[in-house]
$ cat structure_1.pdb   # PDB, C-alpha atoms
ATOM      1  CA  MET G1292     -24.342  68.323-208.613
ATOM      2  CA  ASN G1293     -24.275  67.177-212.200
ATOM      3  CA  GLN G1294     -27.298  68.182-214.227
ATOM      4  CA  ALA G1295     -28.935  65.715-216.610
ATOM      5  CA  ASP G1296     -28.253  66.126-220.324
ATOM      6  CA  VAL G1297     -31.690  66.917-221.731
ATOM      7  CA  SER G1298     -30.546  66.276-225.315
ATOM      8  CA  ARG G1299     -30.237  62.566-224.502
ATOM      9  CA  LEU G1300     -33.833  62.378-223.348
ATOM     10  CA  VAL G1301     -35.321  63.656-226.617
ATOM     11  CA  SER G1302     -34.243  62.552-230.078
ATOM     12  CA  LYS G1303     -32.720  65.282-232.240
ATOM     13  CA  LEU G1304     -34.568  66.243-235.405
ATOM     14  CA  LYS G1305     -32.658  66.551-238.678
ATOM     15  CA  ILE G1306     -34.740  69.466-239.961
ATOM     16  CA  ASN G1307     -35.142  73.081-238.914
ATOM     17  CA  VAL G1308     -38.173  73.619-236.685
ATOM     18  CA  LEU G1309     -39.647  77.056-236.107
ATOM     19  CA  PRO G1310     -39.822  78.228-232.475
ATOM     20  CA  LYS G1311     -43.526  79.012-232.979
ATOM     21  CA  HIS G1312     -46.282  77.064-234.679
ATOM     22  CA  ARG G1313     -47.511  78.039-238.096
ATOM     23  CA  ARG G1314     -50.694  80.067-238.320
ATOM     24  CA  LEU G1315     -53.275  77.546-239.471
ATOM     25  CA  THR G1316     -56.753  78.903-238.972
ATOM     26  CA  ASN G1317     -59.476  76.343-238.369
ATOM     27  CA  PRO G1318     -63.180  76.902-237.659
ATOM     28  CA  ASP G1319     -63.070  74.224-234.939
ATOM     29  CA  GLY G1320     -60.276  75.940-233.038
ATOM     30  CA  PRO G1321     -57.158  74.208-231.656
ATOM     31  CA  LYS G1322     -58.880  70.826-231.613
ATOM     32  CA  GLY G1323     -59.722  71.075-235.302
ATOM     33  CA  ARG G1324     -56.194  72.253-236.055
ATOM     34  CA  MET G1325     -54.690  69.225-234.314
ATOM     35  CA  PHE G1326     -57.129  66.872-236.069
ATOM     36  CA  ARG G1327     -55.985  68.370-239.374
ATOM     37  CA  MET G1328     -52.373  67.643-238.467
ATOM     38  CA  GLN G1329     -53.305  64.065-237.562
ATOM     39  CA  LYS G1330     -55.002  63.560-240.913
ATOM     40  CA  THR G1331     -51.999  65.022-242.764
ATOM     41  CA  VAL G1332     -49.464  62.822-240.935
ATOM     42  CA  THR G1333     -51.681  59.758-241.433
ATOM     43  CA  ALA G1334     -52.015  60.476-245.159
ATOM     44  CA  LEU G1335     -48.248  60.994-245.431
ATOM     45  CA  PHE G1336     -47.488  57.609-243.861
ATOM     46  CA  LYS G1337     -50.152  55.953-246.007
ATOM     47  CA  HIS G1338     -49.434  57.455-249.453
ATOM     48  CA  GLU G1339     -45.823  58.643-248.821
ATOM     49  CA  ARG G1340     -46.377  61.694-251.052
ATOM     50  CA  LEU G1341     -48.801  64.579-250.541
ATOM     51  CA  GLU G1342     -49.614  67.916-252.140
ATOM     52  CA  VAL G1343     -50.772  70.316-249.431
ATOM     53  CA  THR G1344     -50.422  73.977-248.558
ATOM     54  CA  ARG G1345     -46.949  75.141-247.599
ATOM     55  CA  ASN G1346     -47.746  75.936-243.973
ATOM     56  CA  THR G1347     -49.495  72.612-243.430
ATOM     57  CA  ALA G1348     -46.613  70.696-245.019
ATOM     58  CA  ASP G1349     -44.007  72.462-242.902
ATOM     59  CA  GLU G1350     -45.979  71.904-239.686
ATOM     60  CA  ALA G1351     -46.822  68.244-240.342
ATOM     61  CA  ARG G1352     -43.263  67.487-241.403
ATOM     62  CA  GLY G1353     -41.935  68.139-237.919
ATOM     63  CA  TYR G1354     -44.442  65.748-236.333
ATOM     64  CA  ALA G1355     -43.679  63.028-238.906
ATOM     65  CA  GLU G1356     -39.927  63.413-238.359
ATOM     66  CA  ARG G1357     -40.313  63.176-234.575
ATOM     67  CA  LEU G1358     -42.542  60.081-234.845
ATOM     68  CA  ILE G1359     -40.077  58.239-237.098
ATOM     69  CA  SER G1360     -37.135  59.301-234.928
ATOM     70  CA  GLU G1361     -38.796  58.029-231.751
ATOM     71  CA  ALA G1362     -39.775  54.761-233.451
ATOM     72  CA  ILE G1363     -36.179  54.171-234.557
ATOM     73  CA  ARG G1364     -34.773  55.030-231.138
ATOM     74  CA  TYR G1365     -37.117  53.041-228.868
ATOM     75  CA  GLY G1366     -38.854  50.460-231.076
ATOM     76  CA  ASP G1367     -42.332  48.965-230.693
ATOM     77  CA  LYS G1368     -41.751  47.794-227.091
ATOM     78  CA  HIS G1369     -41.737  51.329-225.695
ATOM     79  CA  ASN G1370     -45.107  52.390-224.274
ATOM     80  CA  ALA G1371     -44.645  56.132-224.825
ATOM     81  CA  THR G1372     -43.638  55.585-228.455
ATOM     82  CA  MET G1373     -46.621  53.321-229.066
ATOM     83  CA  GLU G1374     -48.937  55.933-227.552
ATOM     84  CA  LEU G1375     -47.368  58.590-229.796
ATOM     85  CA  ALA G1376     -47.902  56.402-232.869
ATOM     86  CA  ASP G1377     -51.463  55.639-231.808
ATOM     87  CA  PHE G1378     -52.167  59.373-231.450
ATOM     88  CA  TRP G1379     -50.786  60.518-234.789
ATOM     89  CA  LEU G1380     -51.804  57.584-236.994
ATOM     90  CA  LEU G1381     -55.577  57.505-237.252
ATOM     91  CA  GLU G1382     -55.487  54.329-239.356
ATOM     92  CA  LYS G1383     -54.087  51.761-236.956
ATOM     93  CA  GLN G1384     -52.671  49.452-239.646
ATOM     94  CA  LEU G1385     -50.122  52.183-240.338
ATOM     95  CA  VAL G1386     -48.554  51.558-236.918
ATOM     96  CA  HIS G1387     -47.387  48.195-238.278
ATOM     97  CA  LYS G1388     -46.036  49.951-241.385
ATOM     98  CA  LEU G1389     -44.143  52.427-239.198
ATOM     99  CA  PHE G1390     -42.193  49.788-237.273
ATOM    100  CA  LYS G1391     -41.875  47.070-239.933
ATOM    101  CA  VAL G1392     -41.363  49.131-243.097
ATOM    102  CA  LEU G1393     -40.274  52.671-242.317
ATOM    103  CA  VAL G1394     -37.977  51.984-239.365
ATOM    104  CA  PRO G1395     -35.810  49.493-241.351
ATOM    105  CA  ARG G1396     -35.757  51.977-244.235
ATOM    106  CA  PHE G1397     -34.622  54.979-242.202
ATOM    107  CA  GLU G1398     -32.588  53.457-239.361
ATOM    108  CA  ASN G1399     -29.252  54.162-241.110
ATOM    109  CA  TYR G1400     -30.218  57.622-242.392
ATOM    110  CA  ASN G1401     -27.988  60.516-241.346
ATOM    111  CA  ILE G1402     -30.278  63.049-243.036
ATOM    112  CA  SER G1403     -33.951  63.918-242.771
ATOM    113  CA  TYR G1404     -36.569  61.272-243.469
ATOM    114  CA  THR G1405     -38.903  63.608-245.354
ATOM    115  CA  ARG G1406     -38.580  66.026-248.245
ATOM    116  CA  CYS G1407     -40.580  69.223-248.756
ATOM    117  CA  LEU G1408     -40.497  70.944-252.157
ATOM    118  CA  PRO G1409     -42.337  74.158-253.099
ATOM    119  CA  LEU G1410     -44.688  73.877-256.068
ATOM    120  CA  THR G1411     -45.328  76.525-258.696
ATOM    121  CA  PRO G1412     -48.865  77.982-258.719
ATOM    122  CA  THR G1413     -51.263  76.717-261.349
ATOM    123  CA  TYR G1414     -52.822  78.936-263.996
ATOM    124  CA  PRO G1415     -55.529  80.117-264.027
ATOM    125  CA  CYS G1416     -55.656  80.394-260.246
ATOM    126  CA  THR G1417     -58.786  79.348-258.403
ATOM    127  CA  LYS G1418     -59.927  79.910-254.820
ATOM    128  CA  THR G1419     -58.161  76.714-253.727
ATOM    129  CA  ASP G1420     -54.888  77.867-255.329
ATOM    130  CA  GLN G1421     -54.647  81.188-253.483
ATOM    131  CA  PHE G1422     -52.299  79.634-250.898
ATOM    132  CA  PRO G1423     -48.845  78.404-252.004
ATOM    133  CA  LYS G1424     -48.583  74.621-252.280
ATOM    134  CA  SER G1425     -45.761  72.245-251.382
ATOM    135  CA  LEU G1426     -45.033  68.605-252.031
ATOM    136  CA  LEU G1427     -44.352  66.613-248.865
ATOM    137  CA  GLU G1428     -43.021  63.072-249.202
ATOM    138  CA  LEU G1429     -41.178  60.316-247.381
ATOM    139  CA  LYS G1430     -37.761  59.571-248.824
ATOM    140  CA  GLY G1431     -37.351  56.191-250.481
ATOM    141  CA  ASN G1432     -40.959  56.085-251.704
ATOM    142  CA  PRO G1433     -41.784  53.964-254.790
ATOM    143  CA  TYR G1434     -42.833  56.934-256.937
ATOM    144  CA  PRO G1435     -40.658  58.471-259.681
ATOM    145  CA  PRO G1436     -38.385  61.215-258.330
ATOM    146  CA  ILE G1437     -39.595  64.786-258.657
ATOM    147  CA  MET G1438     -36.092  66.157-259.117
ATOM    148  CA  PRO G1439     -33.692  64.308-261.469
ATOM    149  CA  LYS G1440     -30.582  62.867-259.849
ATOM    150  CA  ASP G1441     -28.290  64.584-262.368
ATOM    151  CA  PRO G1442     -29.924  67.767-263.709
ATOM    152  CA  HIS G1443     -26.799  68.434-265.864
ATOM    153  CA  ASN G1444     -27.107  65.124-267.724
ATOM    154  CA  GLY G1445     -26.620  65.890-271.418
ATOM    155  CA  SER G1446     -28.963  63.131-272.567
ATOM    156  CA  LEU G1447     -32.022  64.781-270.985
ATOM    157  CA  LEU G1448     -34.389  66.366-273.488
ATOM    158  CA  HIS G1449     -34.377  69.866-272.014
ATOM    159  CA  ASN G1450     -30.553  69.893-271.875
ATOM    160  CA  ILE G1451     -30.371  68.824-275.551
ATOM    161  CA  LEU G1452     -32.754  71.623-276.540
ATOM    162  CA  LEU G1453     -30.792  74.161-274.493
ATOM    163  CA  GLU G1454     -27.502  73.100-276.075
ATOM    164  CA  GLU G1455     -28.940  73.400-279.596
ATOM    165  CA  ALA G1456     -30.323  76.837-278.718
ATOM    166  CA  ARG G1457     -26.876  77.897-277.474
ATOM    167  CA  LYS G1458     -25.255  76.691-280.739
ATOM    168  CA  GLU G1459     -27.787  78.612-282.799
ATOM    169  CA  MET G1460     -27.249  81.735-280.708
ATOM    170  CA  ARG G1461     -23.452  81.448-281.070
ATOM    171  CA  GLN G1462     -23.742  81.070-284.866
ATOM    172  CA  THR G1463     -25.969  84.137-285.026
ATOM    173  CA  GLN G1464     -23.472  86.127-282.958
ATOM    174  CA  TYR G1465     -20.578  84.968-285.183
ATOM    175  CA  LEU G1466     -22.438  86.073-288.338
ATOM    176  CA  GLU G1467     -23.264  89.461-286.836
ATOM    177  CA  THR G1468     -19.642  89.934-285.762
ATOM    178  CA  ALA G1469     -18.381  88.958-289.218
ATOM    179  CA  LYS G1470     -20.795  91.388-290.881
ATOM    180  CA  SER G1471     -19.766  94.219-288.571
ATOM    181  CA  ILE G1472     -16.073  93.496-289.243
ATOM    182  CA  GLY G1473     -16.754  93.413-292.990
ATOM    183  CA  LYS G1474     -18.539  96.760-292.855
ATOM    184  CA  GLU G1475     -15.672  98.317-290.888
ATOM    185  CA  ASP G1476     -13.095  97.003-293.394
ATOM    186  CA  LYS G1477     -15.174  98.223-296.320
ATOM    187  CA  SER G1478     -15.608 101.694-294.799
ATOM    188  CA  ALA G1479     -11.865 101.855-294.049
ATOM    189  CA  TRP G1480     -11.077 100.806-297.635
ATOM    190  CA  VAL G1481     -13.398 103.496-299.014
ATOM    191  CA  VAL G1482     -11.774 106.160-296.818
ATOM    192  CA  ASN G1483      -8.287 105.072-297.886
ATOM    193  CA  GLU G1484      -9.338 105.059-301.552
ATOM    194  CA  LYS G1485     -10.797 108.545-301.255
ATOM    195  CA  ALA G1486      -7.625 109.751-299.548
ATOM    196  CA  GLU G1487      -5.487 108.257-302.323
ATOM    197  CA  ASP G1488      -7.684 109.844-304.977
ATOM    198  CA  SER G1489      -7.486 113.225-303.294
ATOM    199  CA  GLY G1490      -3.716 112.870-302.945
ATOM    200  CA  SER G1491      -3.236 111.934-306.589
ATOM    201  CA  SER G1492      -5.457 114.818-307.749
ATOM    202  CA  SER G1493      -3.449 117.303-305.689
ATOM    203  CA  GLU G1494      -0.196 115.998-307.188
ATOM    204  CA  ASP G1495      -1.630 116.412-310.698
ATOM    205  CA  GLU G1496      -2.612 119.985-309.942
ATOM    206  CA  ARG G1497       0.911 120.722-308.667
ATOM    207  CA  LYS G1498       2.448 119.300-311.854
ATOM    208  CA  LYS G1499       0.176 121.471-313.967
ATOM    209  CA  ASP G1500       1.228 124.533-312.026
TER     210      ASP G1500
END
$ encode --input "structure_1.pdb" --output "structure tokens"
Amino acid sequence: MNQADVSRLVSKLKINVLPKHRRLTNPDGPKGRMFRMQKTVTALFKHERLEVTRNTADEARGYAERLISEAIRYGDKHNATMELADFWLLEKQLVHKLFKVLVPRFENYNISYTRCLPLTPTYPCTKTDQFPKSLLELKGNPYPPIMPKDPHNGSLLHNILLEEARKEMRQTQYLETAKSIGKEDKSAWVVNEKAEDSGSSSEDERKKD
């Protein structure tokens, strides 16, 4: 008897998902934890870029990826997909955005639909900054990119400053090398001159004898 291929029943995610959920403590228990995930996914679909804690971003990213994947696969005529969208999107006008805006944007994507980037901690740190933060966003959003497309572009300001610093460092190294070579030549010339003087003095003494 042929067994059913389970992979065809569930859409495959394009990101790595942990086998266990993240530890997200909540005073309201599991219900409060799930409500927090709903608010995060809703805010992500609404604003398309969020700054949240790293664990929350990683957990909510998987739910957002699954929701977009199911919407692309089944469309808005599938009851289970509509129930899934109604559960995760607390603001119901975002259901229309999911199927009319995000599905056409991501339907030809062969990579993940979201991007998660770690953020550096702020200084001085406060109580709200004690947990590491991450930036979670939907790809193709209208905001300026966080990471430049070509970080090695020579026309960027930081690359120009780095190149000038390298030139200055090379010139300093060349001058130090030239000075060290000059000192070595001078010391060698002094030694040779002293040897010649000592040799000439010994020859004079032999002639006198």
$ residues_around --input "structure_1.pdb" --residues "stretch 1374-1388 of chain G" --least-positions-apart "5" --cutoff "12 Å" --atoms "all atoms listed in the file" --output "PyMOL selection string"
chain G and resi 1325-1339+1351+1354-1362+1365-1369+1393-1396
$ atom_distance --input "structure_1.pdb" --atom1 "atom CA of G:Leu1426" --atom2 "atom CA of G:Ala1348"
7.5 Å
$ closest_residue --input "structure_1.pdb" --among "G:Arg1324, G:Lys1303, G:Arg1314, G:Lys1424" --to "G:Arg1364" --atoms "all atoms listed in the file"
G:Lys1303
$ closest_residue --input "structure_1.pdb" --among "G:Arg1352, G:Glu1428, G:Leu1304, G:Gly1473" --to "G:Asn1401" --atoms "only C-alpha atoms"
G:Leu1304
$ atom_distance --input "structure_1.pdb" --atom1 "atom CA of G:Arg1406" --atom2 "atom CA of G:Lys1430"
6.5 Å
$ axis_aligned_box --input "structure_1.pdb" --around "stretch 1305-1318 of chain G" --padding-each-side "5 Å" --output "JSON"
{"center_x": -47.9, "center_y": 73.3, "center_z": -236.2, "size_x": 40.5, "size_y": 23.5, "size_z": 17.5}
$ build_atoms --input "structure_1.pdb" --residues "stretch 1450-1461 of chain G" --atoms "all heavy atoms" --output "PDB file, keeping the file's coordinate frame"
ATOM      1  N   ASN G1450     -31.959  69.507-271.714  1.00  0.00           N
ATOM      2  CA  ASN G1450     -30.553  69.893-271.875  1.00  0.00           C
ATOM      3  C   ASN G1450     -30.135  69.856-273.341  1.00  0.00           C
ATOM      4  O   ASN G1450     -29.330  70.679-273.796  1.00  0.00           O
ATOM      5  CB  ASN G1450     -29.659  68.974-271.049  1.00  0.00           C
ATOM      6  CG  ASN G1450     -29.767  69.251-269.560  1.00  0.00           C
ATOM      7  OD1 ASN G1450     -30.107  70.362-269.164  1.00  0.00           O
ATOM      8  ND2 ASN G1450     -29.504  68.261-268.731  1.00  0.00           N
ATOM      9  N   ILE G1451     -30.664  68.889-274.111  1.00  0.00           N
ATOM     10  CA  ILE G1451     -30.371  68.824-275.551  1.00  0.00           C
ATOM     11  C   ILE G1451     -30.919  70.060-276.257  1.00  0.00           C
ATOM     12  O   ILE G1451     -30.242  70.683-277.096  1.00  0.00           O
ATOM     13  CB  ILE G1451     -30.955  67.541-276.154  1.00  0.00           C
ATOM     14  CG1 ILE G1451     -30.255  66.305-275.568  1.00  0.00           C
ATOM     15  CG2 ILE G1451     -30.827  67.545-277.676  1.00  0.00           C
ATOM     16  CD1 ILE G1451     -30.862  64.993-276.010  1.00  0.00           C
ATOM     17  N   LEU G1452     -32.153  70.441-275.926  1.00  0.00           N
ATOM     18  CA  LEU G1452     -32.754  71.623-276.540  1.00  0.00           C
ATOM     19  C   LEU G1452     -31.991  72.891-276.169  1.00  0.00           C
ATOM     20  O   LEU G1452     -31.785  73.778-277.010  1.00  0.00           O
ATOM     21  CB  LEU G1452     -34.214  71.733-276.116  1.00  0.00           C
ATOM     22  CG  LEU G1452     -35.139  70.591-276.581  1.00  0.00           C
ATOM     23  CD1 LEU G1452     -36.534  70.781-276.002  1.00  0.00           C
ATOM     24  CD2 LEU G1452     -35.197  70.526-278.096  1.00  0.00           C
ATOM     25  N   LEU G1453     -31.563  72.991-274.910  1.00  0.00           N
ATOM     26  CA  LEU G1453     -30.792  74.161-274.493  1.00  0.00           C
ATOM     27  C   LEU G1453     -29.451  74.236-275.216  1.00  0.00           C
ATOM     28  O   LEU G1453     -29.007  75.323-275.618  1.00  0.00           O
ATOM     29  CB  LEU G1453     -30.577  74.122-272.973  1.00  0.00           C
ATOM     30  CG  LEU G1453     -31.800  74.427-272.102  1.00  0.00           C
ATOM     31  CD1 LEU G1453     -31.472  74.193-270.634  1.00  0.00           C
ATOM     32  CD2 LEU G1453     -32.278  75.860-272.310  1.00  0.00           C
ATOM     33  N   GLU G1454     -28.797  73.102-275.394  1.00  0.00           N
ATOM     34  CA  GLU G1454     -27.502  73.100-276.075  1.00  0.00           C
ATOM     35  C   GLU G1454     -27.655  73.502-277.543  1.00  0.00           C
ATOM     36  O   GLU G1454     -26.837  74.269-278.075  1.00  0.00           O
ATOM     37  CB  GLU G1454     -26.881  71.705-275.968  1.00  0.00           C
ATOM     38  CG  GLU G1454     -25.484  71.602-276.568  1.00  0.00           C
ATOM     39  CD  GLU G1454     -24.488  72.527-275.901  1.00  0.00           C
ATOM     40  OE1 GLU G1454     -24.665  72.825-274.699  1.00  0.00           O
ATOM     41  OE2 GLU G1454     -23.525  72.940-276.581  1.00  0.00           O
ATOM     42  N   GLU G1455     -28.709  73.010-278.213  1.00  0.00           N
ATOM     43  CA  GLU G1455     -28.940  73.400-279.596  1.00  0.00           C
ATOM     44  C   GLU G1455     -29.272  74.883-279.697  1.00  0.00           C
ATOM     45  O   GLU G1455     -28.846  75.563-280.646  1.00  0.00           O
ATOM     46  CB  GLU G1455     -30.076  72.561-280.188  1.00  0.00           C
ATOM     47  CG  GLU G1455     -29.750  71.087-280.340  1.00  0.00           C
ATOM     48  CD  GLU G1455     -28.580  70.848-281.282  1.00  0.00           C
ATOM     49  OE1 GLU G1455     -28.462  71.606-282.267  1.00  0.00           O
ATOM     50  OE2 GLU G1455     -27.793  69.928-281.030  1.00  0.00           O
ATOM     51  N   ALA G1456     -30.019  75.400-278.717  1.00  0.00           N
ATOM     52  CA  ALA G1456     -30.323  76.837-278.718  1.00  0.00           C
ATOM     53  C   ALA G1456     -29.053  77.663-278.518  1.00  0.00           C
ATOM     54  O   ALA G1456     -28.887  78.720-279.147  1.00  0.00           O
ATOM     55  CB  ALA G1456     -31.344  77.148-277.629  1.00  0.00           C
ATOM     56  N   ARG G1457     -28.145  77.184-277.671  1.00  0.00           N
ATOM     57  CA  ARG G1457     -26.876  77.897-277.474  1.00  0.00           C
ATOM     58  C   ARG G1457     -26.049  77.900-278.760  1.00  0.00           C
ATOM     59  O   ARG G1457     -25.440  78.920-279.117  1.00  0.00           O
ATOM     60  CB  ARG G1457     -26.081  77.246-276.341  1.00  0.00           C
ATOM     61  CG  ARG G1457     -26.709  77.405-274.958  1.00  0.00           C
ATOM     62  CD  ARG G1457     -25.752  76.953-273.879  1.00  0.00           C
ATOM     63  NE  ARG G1457     -26.388  76.872-272.565  1.00  0.00           N
ATOM     64  CZ  ARG G1457     -26.841  75.758-272.020  1.00  0.00           C
ATOM     65  NH1 ARG G1457     -26.696  74.608-272.670  1.00  0.00           N
ATOM     66  NH2 ARG G1457     -27.417  75.774-270.841  1.00  0.00           N
ATOM     67  N   LYS G1458     -26.005  76.763-279.476  1.00  0.00           N
ATOM     68  CA  LYS G1458     -25.255  76.691-280.739  1.00  0.00           C
ATOM     69  C   LYS G1458     -25.823  77.669-281.762  1.00  0.00           C
ATOM     70  O   LYS G1458     -25.081  78.381-282.448  1.00  0.00           O
ATOM     71  CB  LYS G1458     -25.304  75.265-281.280  1.00  0.00           C
ATOM     72  CG  LYS G1458     -24.494  74.261-280.475  1.00  0.00           C
ATOM     73  CD  LYS G1458     -24.585  72.889-281.094  1.00  0.00           C
ATOM     74  CE  LYS G1458     -23.798  71.863-280.283  1.00  0.00           C
ATOM     75  NZ  LYS G1458     -23.897  70.502-280.878  1.00  0.00           N
ATOM     76  N   GLU G1459     -27.151  77.693-281.853  1.00  0.00           N
ATOM     77  CA  GLU G1459     -27.787  78.612-282.799  1.00  0.00           C
ATOM     78  C   GLU G1459     -27.510  80.061-282.433  1.00  0.00           C
ATOM     79  O   GLU G1459     -27.248  80.900-283.317  1.00  0.00           O
ATOM     80  CB  GLU G1459     -29.290  78.343-282.833  1.00  0.00           C
ATOM     81  CG  GLU G1459     -30.042  79.159-283.876  1.00  0.00           C
ATOM     82  CD  GLU G1459     -31.509  78.803-283.921  1.00  0.00           C
ATOM     83  OE1 GLU G1459     -31.915  77.861-283.205  1.00  0.00           O
ATOM     84  OE2 GLU G1459     -32.249  79.461-284.672  1.00  0.00           O
ATOM     85  N   MET G1460     -27.530  80.370-281.136  1.00  0.00           N
ATOM     86  CA  MET G1460     -27.249  81.735-280.708  1.00  0.00           C
ATOM     87  C   MET G1460     -25.793  82.111-281.013  1.00  0.00           C
ATOM     88  O   MET G1460     -25.515  83.227-281.462  1.00  0.00           O
ATOM     89  CB  MET G1460     -27.536  81.871-279.217  1.00  0.00           C
ATOM     90  CG  MET G1460     -27.345  83.290-278.682  1.00  0.00           C
ATOM     91  SD  MET G1460     -27.612  83.410-276.891  1.00  0.00           S
ATOM     92  CE  MET G1460     -26.211  82.443-276.308  1.00  0.00           C
ATOM     93  N   ARG G1461     -24.862  81.163-280.778  1.00  0.00           N
ATOM     94  CA  ARG G1461     -23.452  81.448-281.070  1.00  0.00           C
ATOM     95  C   ARG G1461     -23.231  81.678-282.571  1.00  0.00           C
ATOM     96  O   ARG G1461     -22.473  82.575-282.964  1.00  0.00           O
ATOM     97  CB  ARG G1461     -22.578  80.305-280.570  1.00  0.00           C
ATOM     98  CG  ARG G1461     -22.383  80.289-279.055  1.00  0.00           C
ATOM     99  CD  ARG G1461     -21.237  79.382-278.656  1.00  0.00           C
ATOM    100  NE  ARG G1461     -21.549  77.988-278.925  1.00  0.00           N
ATOM    101  CZ  ARG G1461     -22.077  77.154-278.039  1.00  0.00           C
ATOM    102  NH1 ARG G1461     -22.356  77.593-276.806  1.00  0.00           N
ATOM    103  NH2 ARG G1461     -22.317  75.903-278.343  1.00  0.00           N
TER     104      ARG G1461
END
